[in-house]
$ cat data_30.pdb   # PDB, C-alpha atoms
ATOM      1  CA  MET A 154     109.926 155.234 209.298
ATOM      2  CA  LYS A 155     108.735 158.598 207.969
ATOM      3  CA  VAL A 156     108.734 159.883 211.530
ATOM      4  CA  TRP A 157     112.503 159.322 211.834
ATOM      5  CA  CYS A 158     113.540 160.756 208.451
ATOM      6  CA  PRO A 159     113.199 164.438 209.455
ATOM      7  CA  ALA A 160     115.083 163.719 212.687
ATOM      8  CA  VAL A 161     117.902 161.980 210.825
ATOM      9  CA  LEU A 162     118.062 164.855 208.352
ATOM     10  CA  LEU A 163     118.148 167.378 211.191
ATOM     11  CA  VAL A 164     120.956 165.495 212.965
ATOM     12  CA  SER A 165     122.924 165.255 209.683
ATOM     13  CA  LEU A 166     122.521 168.961 209.036
ATOM     14  CA  SER A 167     123.511 169.746 212.618
ATOM     15  CA  LEU A 168     126.676 167.653 212.335
ATOM     16  CA  ALA A 169     127.581 169.374 209.073
ATOM     17  CA  ALA A 170     127.016 172.787 210.672
ATOM     18  CA  VAL A 171     129.163 171.863 213.686
ATOM     19  CA  SER A 172     131.903 170.603 211.361
ATOM     20  CA  ALA A 173     131.799 173.844 209.339
ATOM     21  CA  LEU A 174     131.944 175.934 212.522
ATOM     22  CA  ALA A 175     134.895 173.885 213.801
ATOM     23  CA  ALA A 176     136.737 174.357 210.499
ATOM     24  CA  ASP A 177     136.077 178.115 210.658
ATOM     25  CA  ALA A 178     137.425 178.226 214.218
ATOM     26  CA  CYS A 179     140.569 176.368 213.133
ATOM     27  CA  VAL A 180     141.057 178.298 209.880
ATOM     28  CA  PRO A 181     139.784 181.824 210.507
ATOM     29  CA  ASP A 182     141.018 183.350 207.229
ATOM     30  CA  ARG A 183     140.936 180.547 204.680
ATOM     31  CA  ALA A 184     140.984 182.904 201.672
ATOM     32  CA  ALA A 185     144.159 184.642 202.855
ATOM     33  CA  LEU A 186     145.887 181.313 203.471
ATOM     34  CA  LEU A 187     144.881 179.954 200.067
ATOM     35  CA  ALA A 188     146.276 183.126 198.445
ATOM     36  CA  LEU A 189     149.795 182.577 199.854
ATOM     37  CA  ASP A 190     152.607 181.396 197.606
ATOM     38  CA  GLU A 191     153.677 177.795 198.167
ATOM     39  CA  GLN A 192     156.782 178.688 200.182
ATOM     40  CA  ALA A 193     154.799 180.837 202.621
ATOM     41  CA  PHE A 194     151.920 178.368 202.812
ATOM     42  CA  ASP A 195     153.999 175.233 203.289
ATOM     43  CA  GLN A 196     157.377 176.139 204.752
ATOM     44  CA  ASP A 197     156.693 179.093 207.068
ATOM     45  CA  LEU A 198     156.628 177.542 210.539
ATOM     46  CA  THR A 199     154.612 180.454 211.960
ATOM     47  CA  GLY A 200     152.209 180.922 209.046
ATOM     48  CA  GLY A 201     150.434 178.827 206.460
ATOM     49  CA  TRP A 202     148.971 175.478 207.458
ATOM     50  CA  ARG A 203     151.392 174.557 210.265
ATOM     51  CA  PRO A 204     149.994 176.698 213.114
ATOM     52  CA  ILE A 205     146.535 175.334 212.315
ATOM     53  CA  ALA A 206     147.737 171.733 212.646
ATOM     54  CA  GLU A 207     149.188 172.602 216.060
ATOM     55  CA  LYS A 208     145.836 173.826 217.421
ATOM     56  CA  PRO A 209     144.070 171.161 219.495
ATOM     57  CA  GLY A 210     141.314 169.525 217.479
ATOM     58  CA  CYS A 211     142.371 171.099 214.178
ATOM     59  CA  LEU A 212     144.396 168.362 212.449
ATOM     60  CA  MET A 213     141.646 167.495 209.967
ATOM     61  CA  ALA A 214     140.990 171.184 209.264
ATOM     62  CA  ALA A 215     144.704 171.592 208.481
ATOM     63  CA  ALA A 216     144.627 168.510 206.218
ATOM     64  CA  ASP A 217     141.574 169.862 204.406
ATOM     65  CA  LEU A 218     143.316 173.224 204.022
ATOM     66  CA  LEU A 219     146.300 171.477 202.394
ATOM     67  CA  ARG A 220     143.905 169.663 200.041
ATOM     68  CA  ASP A 221     142.141 172.923 199.188
ATOM     69  CA  TYR A 222     145.468 174.669 198.581
ATOM     70  CA  ARG A 223     146.476 172.003 196.052
ATOM     71  CA  ALA A 224     143.104 172.414 194.325
ATOM     72  CA  ALA A 225     143.487 176.207 194.247
ATOM     73  CA  HIS A 226     147.038 175.989 192.822
ATOM     74  CA  PRO A 227     146.992 173.078 190.351
ATOM     75  CA  GLN A 228     149.873 174.538 188.335
ATOM     76  CA  GLU A 229     152.329 174.230 191.232
ATOM     77  CA  PRO A 230     154.250 171.016 191.888
ATOM     78  CA  ALA A 231     152.391 169.387 194.736
ATOM     79  CA  ARG A 232     154.669 166.514 195.808
ATOM     80  CA  ILE A 233     155.503 168.006 199.203
ATOM     81  CA  LEU A 234     151.926 169.183 199.698
ATOM     82  CA  TYR A 235     150.678 165.626 199.147
ATOM     83  CA  TRP A 236     153.231 164.494 201.722
ATOM     84  CA  HIS A 237     152.278 167.080 204.312
ATOM     85  CA  GLU A 238     148.561 166.456 203.878
ATOM     86  CA  GLY A 239     149.239 162.734 204.213
ATOM     87  CA  GLN A 240     151.306 163.307 207.340
ATOM     88  CA  VAL A 241     148.617 165.416 208.965
ATOM     89  CA  ARG A 242     145.954 162.859 208.100
ATOM     90  CA  ALA A 243     148.172 160.052 209.464
ATOM     91  CA  LEU A 244     148.634 161.999 212.692
ATOM     92  CA  ALA A 245     144.834 162.193 212.927
ATOM     93  CA  GLY A 246     144.517 158.452 212.221
ATOM     94  CA  ASP A 247     142.946 158.930 208.764
ATOM     95  CA  THR A 248     143.774 156.044 206.392
ATOM     96  CA  ALA A 249     143.558 158.394 203.368
ATOM     97  CA  ALA A 250     147.123 159.307 204.369
ATOM     98  CA  LEU A 251     148.555 156.313 202.512
ATOM     99  CA  THR A 252     147.308 157.339 199.074
ATOM    100  CA  LEU A 253     148.499 160.911 199.577
ATOM    101  CA  MET A 254     151.948 159.857 200.778
ATOM    102  CA  GLU A 255     152.365 157.497 197.822
ATOM    103  CA  GLN A 256     151.882 160.490 195.507
ATOM    104  CA  SER A 257     154.867 162.240 197.076
ATOM    105  CA  HIS A 258     157.508 159.915 195.602
ATOM    106  CA  ASP A 259     160.223 161.782 193.712
ATOM    107  CA  SER A 260     160.925 160.507 190.183
ATOM    108  CA  ARG A 261     164.295 162.242 189.831
ATOM    109  CA  ASP A 262     167.476 160.160 189.841
ATOM    110  CA  THR A 263     169.402 161.953 192.571
ATOM    111  CA  SER A 264     170.694 161.051 196.011
ATOM    112  CA  ARG A 265     168.140 163.377 197.615
ATOM    113  CA  ALA A 266     165.306 161.725 195.675
ATOM    114  CA  GLN A 267     166.547 158.250 196.623
ATOM    115  CA  ALA A 268     166.705 159.279 200.290
ATOM    116  CA  TRP A 269     163.285 160.913 200.097
ATOM    117  CA  ASN A 270     161.709 157.843 198.496
ATOM    118  CA  ALA A 271     163.243 155.535 201.108
ATOM    119  CA  TYR A 272     161.792 157.785 203.838
ATOM    120  CA  VAL A 273     158.366 157.743 202.152
ATOM    121  CA  ASP A 274     158.536 153.952 201.806
ATOM    122  CA  ALA A 275     159.548 153.583 205.469
ATOM    123  CA  THR A 276     156.617 155.708 206.585
ATOM    124  CA  LEU A 277     154.198 153.794 204.371
ATOM    125  CA  ALA A 278     155.516 150.486 205.729
ATOM    126  CA  PHE A 279     155.047 151.755 209.302
ATOM    127  CA  LEU A 280     151.472 152.810 208.581
ATOM    128  CA  ARG A 281     150.790 149.434 206.921
ATOM    129  CA  HIS A 282     152.233 147.620 209.961
ATOM    130  CA  ASP A 283     154.891 145.957 207.764
ATOM    131  CA  ARG A 284     158.056 145.804 209.844
ATOM    132  CA  PRO A 285     160.171 143.922 207.230
ATOM    133  CA  ALA A 286     159.358 146.587 204.605
ATOM    134  CA  LEU A 287     160.134 149.312 207.150
ATOM    135  CA  GLN A 288     163.514 147.730 207.901
ATOM    136  CA  ALA A 289     164.253 147.319 204.179
ATOM    137  CA  ALA A 290     163.440 151.001 203.543
ATOM    138  CA  ARG A 291     165.654 151.990 206.470
ATOM    139  CA  ASP A 292     168.495 149.897 205.056
ATOM    140  CA  ARG A 293     168.064 151.542 201.644
ATOM    141  CA  LEU A 294     168.071 154.973 203.264
ATOM    142  CA  SER A 295     171.284 154.229 205.155
ATOM    143  CA  HIS A 296     173.098 153.396 201.896
ATOM    144  CA  VAL A 297     172.129 156.472 199.882
ATOM    145  CA  PRO A 298     175.331 158.405 199.107
ATOM    146  CA  ARG A 299     175.585 161.945 200.417
ATOM    147  CA  PRO A 300     174.968 164.404 197.590
ATOM    148  CA  PRO A 301     177.495 167.141 196.877
ATOM    149  CA  LEU A 302     176.828 170.483 198.505
ATOM    150  CA  GLU A 303     174.682 172.728 196.351
ATOM    151  CA  SER A 304     174.461 176.469 196.095
ATOM    152  CA  ASP A 305     171.203 178.279 196.576
ATOM    153  CA  THR A 306     170.116 181.174 194.373
ATOM    154  CA  THR A 307     172.172 183.660 196.398
ATOM    155  CA  GLY A 308     175.373 181.656 195.919
ATOM    156  CA  ASP A 309     175.545 180.585 199.561
ATOM    157  CA  SER A 310     176.414 176.964 200.103
ATOM    158  CA  MET A 311     173.542 174.927 201.505
ATOM    159  CA  MET A 312     174.752 172.631 204.259
ATOM    160  CA  MET A 313     173.044 169.431 205.299
ATOM    161  CA  LEU A 314     173.496 168.931 208.999
ATOM    162  CA  SER A 315     172.764 165.228 208.922
ATOM    163  CA  TRP A 316     172.763 162.558 206.272
ATOM    164  CA  PRO A 317     170.885 160.586 205.362
ATOM    165  CA  MET A 318     167.988 162.952 205.868
ATOM    166  CA  ASN A 319     165.105 161.732 208.019
ATOM    167  CA  MET A 320     167.133 158.813 209.419
ATOM    168  CA  GLY A 321     166.214 159.799 212.991
ATOM    169  CA  ILE A 322     162.528 159.699 212.105
ATOM    170  CA  VAL A 323     162.830 156.308 210.413
ATOM    171  CA  ASP A 324     164.749 154.941 213.408
ATOM    172  CA  GLY A 325     161.935 156.292 215.582
ATOM    173  CA  LEU A 326     159.357 154.466 213.484
ATOM    174  CA  LEU A 327     161.300 151.245 214.053
ATOM    175  CA  ALA A 328     161.809 151.900 217.767
ATOM    176  CA  CYS A 329     158.119 152.554 218.295
ATOM    177  CA  PHE A 330     156.740 150.111 215.738
ATOM    178  CA  GLY A 331     153.139 149.267 216.565
ATOM    179  CA  LYS A 332     152.432 152.573 218.271
ATOM    180  CA  PRO A 333     150.265 155.257 216.674
ATOM    181  CA  TYR A 334     152.016 157.397 214.059
ATOM    182  CA  ALA A 335     151.486 160.461 216.239
ATOM    183  CA  ASP A 336     153.633 158.817 218.950
ATOM    184  CA  ALA A 337     156.248 157.253 216.679
ATOM    185  CA  TYR A 338     156.799 160.322 214.504
ATOM    186  CA  GLY A 339     157.960 162.578 217.282
ATOM    187  CA  GLY A 340     158.763 162.774 220.940
ATOM    188  CA  SER A 341     160.832 160.090 222.594
ATOM    189  CA  CYS A 342     160.743 157.773 219.548
ATOM    190  CA  THR A 343     162.668 160.091 217.257
ATOM    191  CA  THR A 344     166.413 160.548 217.528
ATOM    192  CA  PRO A 345     168.040 163.828 216.532
TER     193      PRO A 345
END
$ encode --input "data_30.pdb" --output "C-alpha cells"
Amino acid sequence: MKVWCPAVLLVSLSLAAVSALAADACVPDRAALLALDEQAFDQDLTGGWRPIAEKPGCLMAAADLLRDYRAAHPQEPARILYWHEGQVRALAGDTAALTLMEQSHDSRDTSRAQAWNAYVDATLAFLRHDRPALQAARDRLSHVPRPPLESDTTGDSMMMLSWPMNMGIVDGLLACFGKPYADAYGGSCTTP
C-alpha cells in the first residue's frame, strides 16, 4: 500500500494543477474582474462573468468566479449573484445549484418579487424533477399582477416588454421537462 500512496498523491496534485491551469485559461485576469462594481461584473453582457461562461469548458470557472466575487464583496446584496451562480452550476449539471438558487428568493412584497419567486420556484421544481410543483409555480407566475411603470434615476420610464417576466423560460421548462437544464433553459424550448 505504501507503494501506491506517492502515486495517488502525485495524481491528485496533477489534477489540482490541471484544474488551476484550466481556471487561469478561462479567467485570465481574475483580480480585475473581482475589482469590478456589481453592475459591471454581473450585468455587462460583454464583460464580467458572462463571457467566461460562454467559453467552451469554462462554466465551472465562471461559477467559481461568481462565488469568489460574492466573497470579495460581502457588503453588496448578493441575491442575483446567488441566482446567476446557481444557473451556471445548473447548466454544468452541478447539484449545488439548488442551494444557491434558493438563496435568491426576494422577500419584498411587490409584484416583481412575487414574479421572481415564482420563476425561482419553477426552476427549482424543474431541477428537482417535480412537474406538479413546476406547473403550480407557472400558474402562480401567470397570475402576478403587472406592476406600475417605474422611473429610473434619470427620470426615464422603464418599460417591461413582456409580463409576467420569465414566462417564456418557465414555459420552456415545462415543454422540455425531463431534459437537461442546459437544453430546457434556452434554444428551442424557450418561447420569446
$ atom_distance --input "data_30.pdb" --atom1 "atom CA of A:Ala286" --atom2 "atom CA of A:Pro300"
24.7 Å
$ closest_residue --input "data_30.pdb" --among "A:Arg265, A:Leu326, A:Leu198, A:Arg284" --to "A:Leu302" --atoms "all atoms listed in the file"
A:Arg265
$ resolve_selection --input "data_30.pdb" --expression "the PyMOL selection byres ((chain A and resi 210) around 12)" --output "PDB file with C-alpha atoms, in the frame of the given file"
ATOM      1  CA  SER A 172     131.903 170.603 211.361  1.00  0.00           C
ATOM      2  CA  ALA A 175     134.895 173.885 213.801  1.00  0.00           C
ATOM      3  CA  ALA A 176     136.737 174.357 210.499  1.00  0.00           C
ATOM      4  CA  ALA A 178     137.425 178.226 214.218  1.00  0.00           C
ATOM      5  CA  CYS A 179     140.569 176.368 213.133  1.00  0.00           C
ATOM      6  CA  VAL A 180     141.057 178.298 209.880  1.00  0.00           C
ATOM      7  CA  ILE A 205     146.535 175.334 212.315  1.00  0.00           C
ATOM      8  CA  ALA A 206     147.737 171.733 212.646  1.00  0.00           C
ATOM      9  CA  GLU A 207     149.188 172.602 216.060  1.00  0.00           C
ATOM     10  CA  LYS A 208     145.836 173.826 217.421  1.00  0.00           C
ATOM     11  CA  PRO A 209     144.070 171.161 219.495  1.00  0.00           C
ATOM     12  CA  CYS A 211     142.371 171.099 214.178  1.00  0.00           C
ATOM     13  CA  LEU A 212     144.396 168.362 212.449  1.00  0.00           C
ATOM     14  CA  MET A 213     141.646 167.495 209.967  1.00  0.00           C
ATOM     15  CA  ALA A 214     140.990 171.184 209.264  1.00  0.00           C
ATOM     16  CA  ALA A 215     144.704 171.592 208.481  1.00  0.00           C
ATOM     17  CA  ALA A 216     144.627 168.510 206.218  1.00  0.00           C
ATOM     18  CA  VAL A 241     148.617 165.416 208.965  1.00  0.00           C
ATOM     19  CA  LEU A 244     148.634 161.999 212.692  1.00  0.00           C
ATOM     20  CA  ALA A 245     144.834 162.193 212.927  1.00  0.00           C
TER      21      ALA A 245
END
$ closest_residue --input "data_30.pdb" --among "A:Ser257, A:Ser295, A:Gln267, A:Thr276" --to "A:Leu327" --atoms "all atoms listed in the file"
A:Thr276
$ residues_around --input "data_30.pdb" --residues "A:Asp182" --least-positions-apart "6" --cutoff "12 Å" --atoms "all atoms listed in the file" --output "list in words"
Ala176, Ala188, Leu189, Gly200, Gly201, Trp202, Ile205 and Leu218 of chain A
$ write_last_selection --input "data_30.pdb" --atoms "C-alpha atoms" --output "CSV table (one decimal), in the frame of the given file"
chain,number,residue,atom,x,y,z
A,176,ALA,CA,136.7,174.4,210.5
A,188,ALA,CA,146.3,183.1,198.4
A,189,LEU,CA,149.8,182.6,199.9
A,200,GLY,CA,152.2,180.9,209.0
A,201,GLY,CA,150.4,178.8,206.5
A,202,TRP,CA,149.0,175.5,207.5
A,205,ILE,CA,146.5,175.3,212.3
A,218,LEU,CA,143.3,173.2,204.0
$ residues_around --input "data_30.pdb" --residues "A:Arg281" --least-positions-apart "5" --cutoff "12 Å" --atoms "only C-alpha atoms" --output "list in words"
Ala243, Thr248, Ala250, Leu251, Thr252, Asp274, Ala275, Thr276, Ala286, Leu287, Leu326, Phe330, Gly331, Lys332, Pro333 and Tyr334 of chain A
$ write_last_selection --input "data_30.pdb" --atoms "C-alpha atoms" --output "PDB file, keeping the file's coordinate frame"
ATOM      1  CA  ALA A 243     148.172 160.052 209.464  1.00  0.00           C
ATOM      2  CA  THR A 248     143.774 156.044 206.392  1.00  0.00           C
ATOM      3  CA  ALA A 250     147.123 159.307 204.369  1.00  0.00           C
ATOM      4  CA  LEU A 251     148.555 156.313 202.512  1.00  0.00           C
ATOM      5  CA  THR A 252     147.308 157.339 199.074  1.00  0.00           C
ATOM      6  CA  ASP A 274     158.536 153.952 201.806  1.00  0.00           C
ATOM      7  CA  ALA A 275     159.548 153.583 205.469  1.00  0.00           C
ATOM      8  CA  THR A 276     156.617 155.708 206.585  1.00  0.00           C
ATOM      9  CA  ALA A 286     159.358 146.587 204.605  1.00  0.00           C
ATOM     10  CA  LEU A 287     160.134 149.312 207.150  1.00  0.00           C
ATOM     11  CA  LEU A 326     159.357 154.466 213.484  1.00  0.00           C
ATOM     12  CA  PHE A 330     156.740 150.111 215.738  1.00  0.00           C
ATOM     13  CA  GLY A 331     153.139 149.267 216.565  1.00  0.00           C
ATOM     14  CA  LYS A 332     152.432 152.573 218.271  1.00  0.00           C
ATOM     15  CA  PRO A 333     150.265 155.257 216.674  1.00  0.00           C
ATOM     16  CA  TYR A 334     152.016 157.397 214.059  1.00  0.00           C
TER      17      TYR A 334
END
$ resolve_selection --input "data_30.pdb" --expression "the PyMOL selection byres ((chain A and resi 220-233) around 10)" --output "PyMOL selection string"
chain A and resi 183-184+186-191+194-195+202+214-219+234-239+253-259
$ write_last_selection --input "data_30.pdb" --atoms "C-alpha atoms" --output "compact mmCIF listing (two decimals), keeping the file's coordinate frame"
# COMPACT_ATOMS: atom_id res chain seq x y z
CA ARG A 183 140.94 180.55 204.68
CA ALA A 184 140.98 182.90 201.67
CA LEU A 186 145.89 181.31 203.47
CA LEU A 187 144.88 179.95 200.07
CA ALA A 188 146.28 183.13 198.44
CA LEU A 189 149.79 182.58 199.85
CA ASP A 190 152.61 181.40 197.61
CA GLU A 191 153.68 177.80 198.17
CA PHE A 194 151.92 178.37 202.81
CA ASP A 195 154.00 175.23 203.29
CA TRP A 202 148.97 175.48 207.46
CA ALA A 214 140.99 171.18 209.26
CA ALA A 215 144.70 171.59 208.48
CA ALA A 216 144.63 168.51 206.22
CA ASP A 217 141.57 169.86 204.41
CA LEU A 218 143.32 173.22 204.02
CA LEU A 219 146.30 171.48 202.39
CA LEU A 234 151.93 169.18 199.70
CA TYR A 235 150.68 165.63 199.15
CA TRP A 236 153.23 164.49 201.72
CA HIS A 237 152.28 167.08 204.31
CA GLU A 238 148.56 166.46 203.88
CA GLY A 239 149.24 162.73 204.21
CA LEU A 253 148.50 160.91 199.58
CA MET A 254 151.95 159.86 200.78
CA GLU A 255 152.36 157.50 197.82
CA GLN A 256 151.88 160.49 195.51
CA SER A 257 154.87 162.24 197.08
CA HIS A 258 157.51 159.92 195.60
CA ASP A 259 160.22 161.78 193.71
$ decode --input "data_30.pdb" --residues "stretch 227-253 of chain A" --atoms "N, CA and C atoms" --output "PDB file, in the first residue's frame"
ATOM      1  N   PRO A 227     -18.767  41.158   0.325  1.00  0.00           N
ATOM      2  CA  PRO A 227     -19.847  40.693   1.217  1.00  0.00           C
ATOM      3  C   PRO A 227     -20.846  41.784   1.592  1.00  0.00           C
ATOM      4  N   GLN A 228     -20.497  43.040   1.426  1.00  0.00           N
ATOM      5  CA  GLN A 228     -21.390  44.126   1.788  1.00  0.00           C
ATOM      6  C   GLN A 228     -22.470  44.365   0.738  1.00  0.00           C
ATOM      7  N   GLU A 229     -22.310  43.823  -0.442  1.00  0.00           N
ATOM      8  CA  GLU A 229     -23.271  44.061  -1.525  1.00  0.00           C
ATOM      9  C   GLU A 229     -24.394  43.033  -1.453  1.00  0.00           C
ATOM     10  N   PRO A 230     -25.616  43.434  -1.799  1.00  0.00           N
ATOM     11  CA  PRO A 230     -26.692  42.438  -1.848  1.00  0.00           C
ATOM     12  C   PRO A 230     -26.367  41.399  -2.914  1.00  0.00           C
ATOM     13  N   ALA A 231     -26.474  40.144  -2.550  1.00  0.00           N
ATOM     14  CA  ALA A 231     -25.987  39.095  -3.446  1.00  0.00           C
ATOM     15  C   ALA A 231     -27.088  38.234  -4.043  1.00  0.00           C
ATOM     16  N   ARG A 232     -28.353  38.620  -3.885  1.00  0.00           N
ATOM     17  CA  ARG A 232     -29.446  37.750  -4.349  1.00  0.00           C
ATOM     18  C   ARG A 232     -29.275  37.339  -5.801  1.00  0.00           C
ATOM     19  N   ILE A 233     -29.027  38.292  -6.679  1.00  0.00           N
ATOM     20  CA  ILE A 233     -28.909  37.958  -8.106  1.00  0.00           C
ATOM     21  C   ILE A 233     -27.613  37.203  -8.387  1.00  0.00           C
ATOM     22  N   LEU A 234     -26.584  37.451  -7.597  1.00  0.00           N
ATOM     23  CA  LEU A 234     -25.333  36.720  -7.784  1.00  0.00           C
ATOM     24  C   LEU A 234     -25.485  35.262  -7.370  1.00  0.00           C
ATOM     25  N   TYR A 235     -26.255  35.012  -6.296  1.00  0.00           N
ATOM     26  CA  TYR A 235     -26.570  33.622  -5.944  1.00  0.00           C
ATOM     27  C   TYR A 235     -27.316  32.950  -7.099  1.00  0.00           C
ATOM     28  N   TRP A 236     -28.280  33.681  -7.668  1.00  0.00           N
ATOM     29  CA  TRP A 236     -29.057  33.124  -8.772  1.00  0.00           C
ATOM     30  C   TRP A 236     -28.162  32.794  -9.958  1.00  0.00           C
ATOM     31  N   HIS A 237     -27.337  33.743 -10.360  1.00  0.00           N
ATOM     32  CA  HIS A 237     -26.511  33.508 -11.543  1.00  0.00           C
ATOM     33  C   HIS A 237     -25.485  32.402 -11.309  1.00  0.00           C
ATOM     34  N   GLU A 238     -24.908  32.342 -10.121  1.00  0.00           N
ATOM     35  CA  GLU A 238     -24.003  31.224  -9.844  1.00  0.00           C
ATOM     36  C   GLU A 238     -24.767  29.907  -9.900  1.00  0.00           C
ATOM     37  N   GLY A 239     -25.965  29.890  -9.312  1.00  0.00           N
ATOM     38  CA  GLY A 239     -26.783  28.682  -9.359  1.00  0.00           C
ATOM     39  C   GLY A 239     -27.131  28.287 -10.777  1.00  0.00           C
ATOM     40  N   GLN A 240     -27.488  29.264 -11.598  1.00  0.00           N
ATOM     41  CA  GLN A 240     -27.800  28.974 -13.000  1.00  0.00           C
ATOM     42  C   GLN A 240     -26.617  28.357 -13.723  1.00  0.00           C
ATOM     43  N   VAL A 241     -25.459  28.961 -13.548  1.00  0.00           N
ATOM     44  CA  VAL A 241     -24.259  28.456 -14.230  1.00  0.00           C
ATOM     45  C   VAL A 241     -23.944  27.048 -13.752  1.00  0.00           C
ATOM     46  N   ARG A 242     -24.058  26.822 -12.458  1.00  0.00           N
ATOM     47  CA  ARG A 242     -23.798  25.469 -11.942  1.00  0.00           C
ATOM     48  C   ARG A 242     -24.847  24.477 -12.465  1.00  0.00           C
ATOM     49  N   ALA A 243     -26.102  24.904 -12.558  1.00  0.00           N
ATOM     50  CA  ALA A 243     -27.145  24.025 -13.111  1.00  0.00           C
ATOM     51  C   ALA A 243     -26.851  23.697 -14.574  1.00  0.00           C
ATOM     52  N   LEU A 244     -26.401  24.687 -15.323  1.00  0.00           N
ATOM     53  CA  LEU A 244     -26.050  24.439 -16.724  1.00  0.00           C
ATOM     54  C   LEU A 244     -24.926  23.416 -16.841  1.00  0.00           C
ATOM     55  N   ALA A 245     -24.034  23.404 -15.843  1.00  0.00           N
ATOM     56  CA  ALA A 245     -22.921  22.453 -15.832  1.00  0.00           C
ATOM     57  C   ALA A 245     -23.310  21.114 -15.200  1.00  0.00           C
ATOM     58  N   GLY A 246     -24.559  21.019 -14.695  1.00  0.00           N
ATOM     59  CA  GLY A 246     -25.017  19.778 -14.086  1.00  0.00           C
ATOM     60  C   GLY A 246     -24.614  19.620 -12.628  1.00  0.00           C
ATOM     61  N   ASP A 247     -24.216  20.689 -11.968  1.00  0.00           N
ATOM     62  CA  ASP A 247     -23.776  20.667 -10.576  1.00  0.00           C
ATOM     63  C   ASP A 247     -24.996  20.824  -9.663  1.00  0.00           C
ATOM     64  N   THR A 248     -25.223  19.869  -8.765  1.00  0.00           N
ATOM     65  CA  THR A 248     -26.389  19.904  -7.887  1.00  0.00           C
ATOM     66  C   THR A 248     -26.294  20.990  -6.812  1.00  0.00           C
ATOM     67  N   ALA A 249     -25.146  21.616  -6.624  1.00  0.00           N
ATOM     68  CA  ALA A 249     -25.034  22.741  -5.689  1.00  0.00           C
ATOM     69  C   ALA A 249     -25.900  23.910  -6.152  1.00  0.00           C
ATOM     70  N   ALA A 250     -26.361  23.867  -7.383  1.00  0.00           N
ATOM     71  CA  ALA A 250     -27.199  24.934  -7.936  1.00  0.00           C
ATOM     72  C   ALA A 250     -28.457  25.152  -7.106  1.00  0.00           C
ATOM     73  N   LEU A 251     -29.047  24.091  -6.604  1.00  0.00           N
ATOM     74  CA  LEU A 251     -30.311  24.211  -5.873  1.00  0.00           C
ATOM     75  C   LEU A 251     -30.178  25.106  -4.644  1.00  0.00           C
ATOM     76  N   THR A 252     -29.177  24.880  -3.842  1.00  0.00           N
ATOM     77  CA  THR A 252     -28.989  25.673  -2.626  1.00  0.00           C
ATOM     78  C   THR A 252     -28.756  27.131  -2.972  1.00  0.00           C
ATOM     79  N   LEU A 253     -27.976  27.391  -3.998  1.00  0.00           N
ATOM     80  CA  LEU A 253     -27.701  28.772  -4.407  1.00  0.00           C
ATOM     81  C   LEU A 253     -28.966  29.455  -4.895  1.00  0.00           C
TER      82      LEU A 253
END
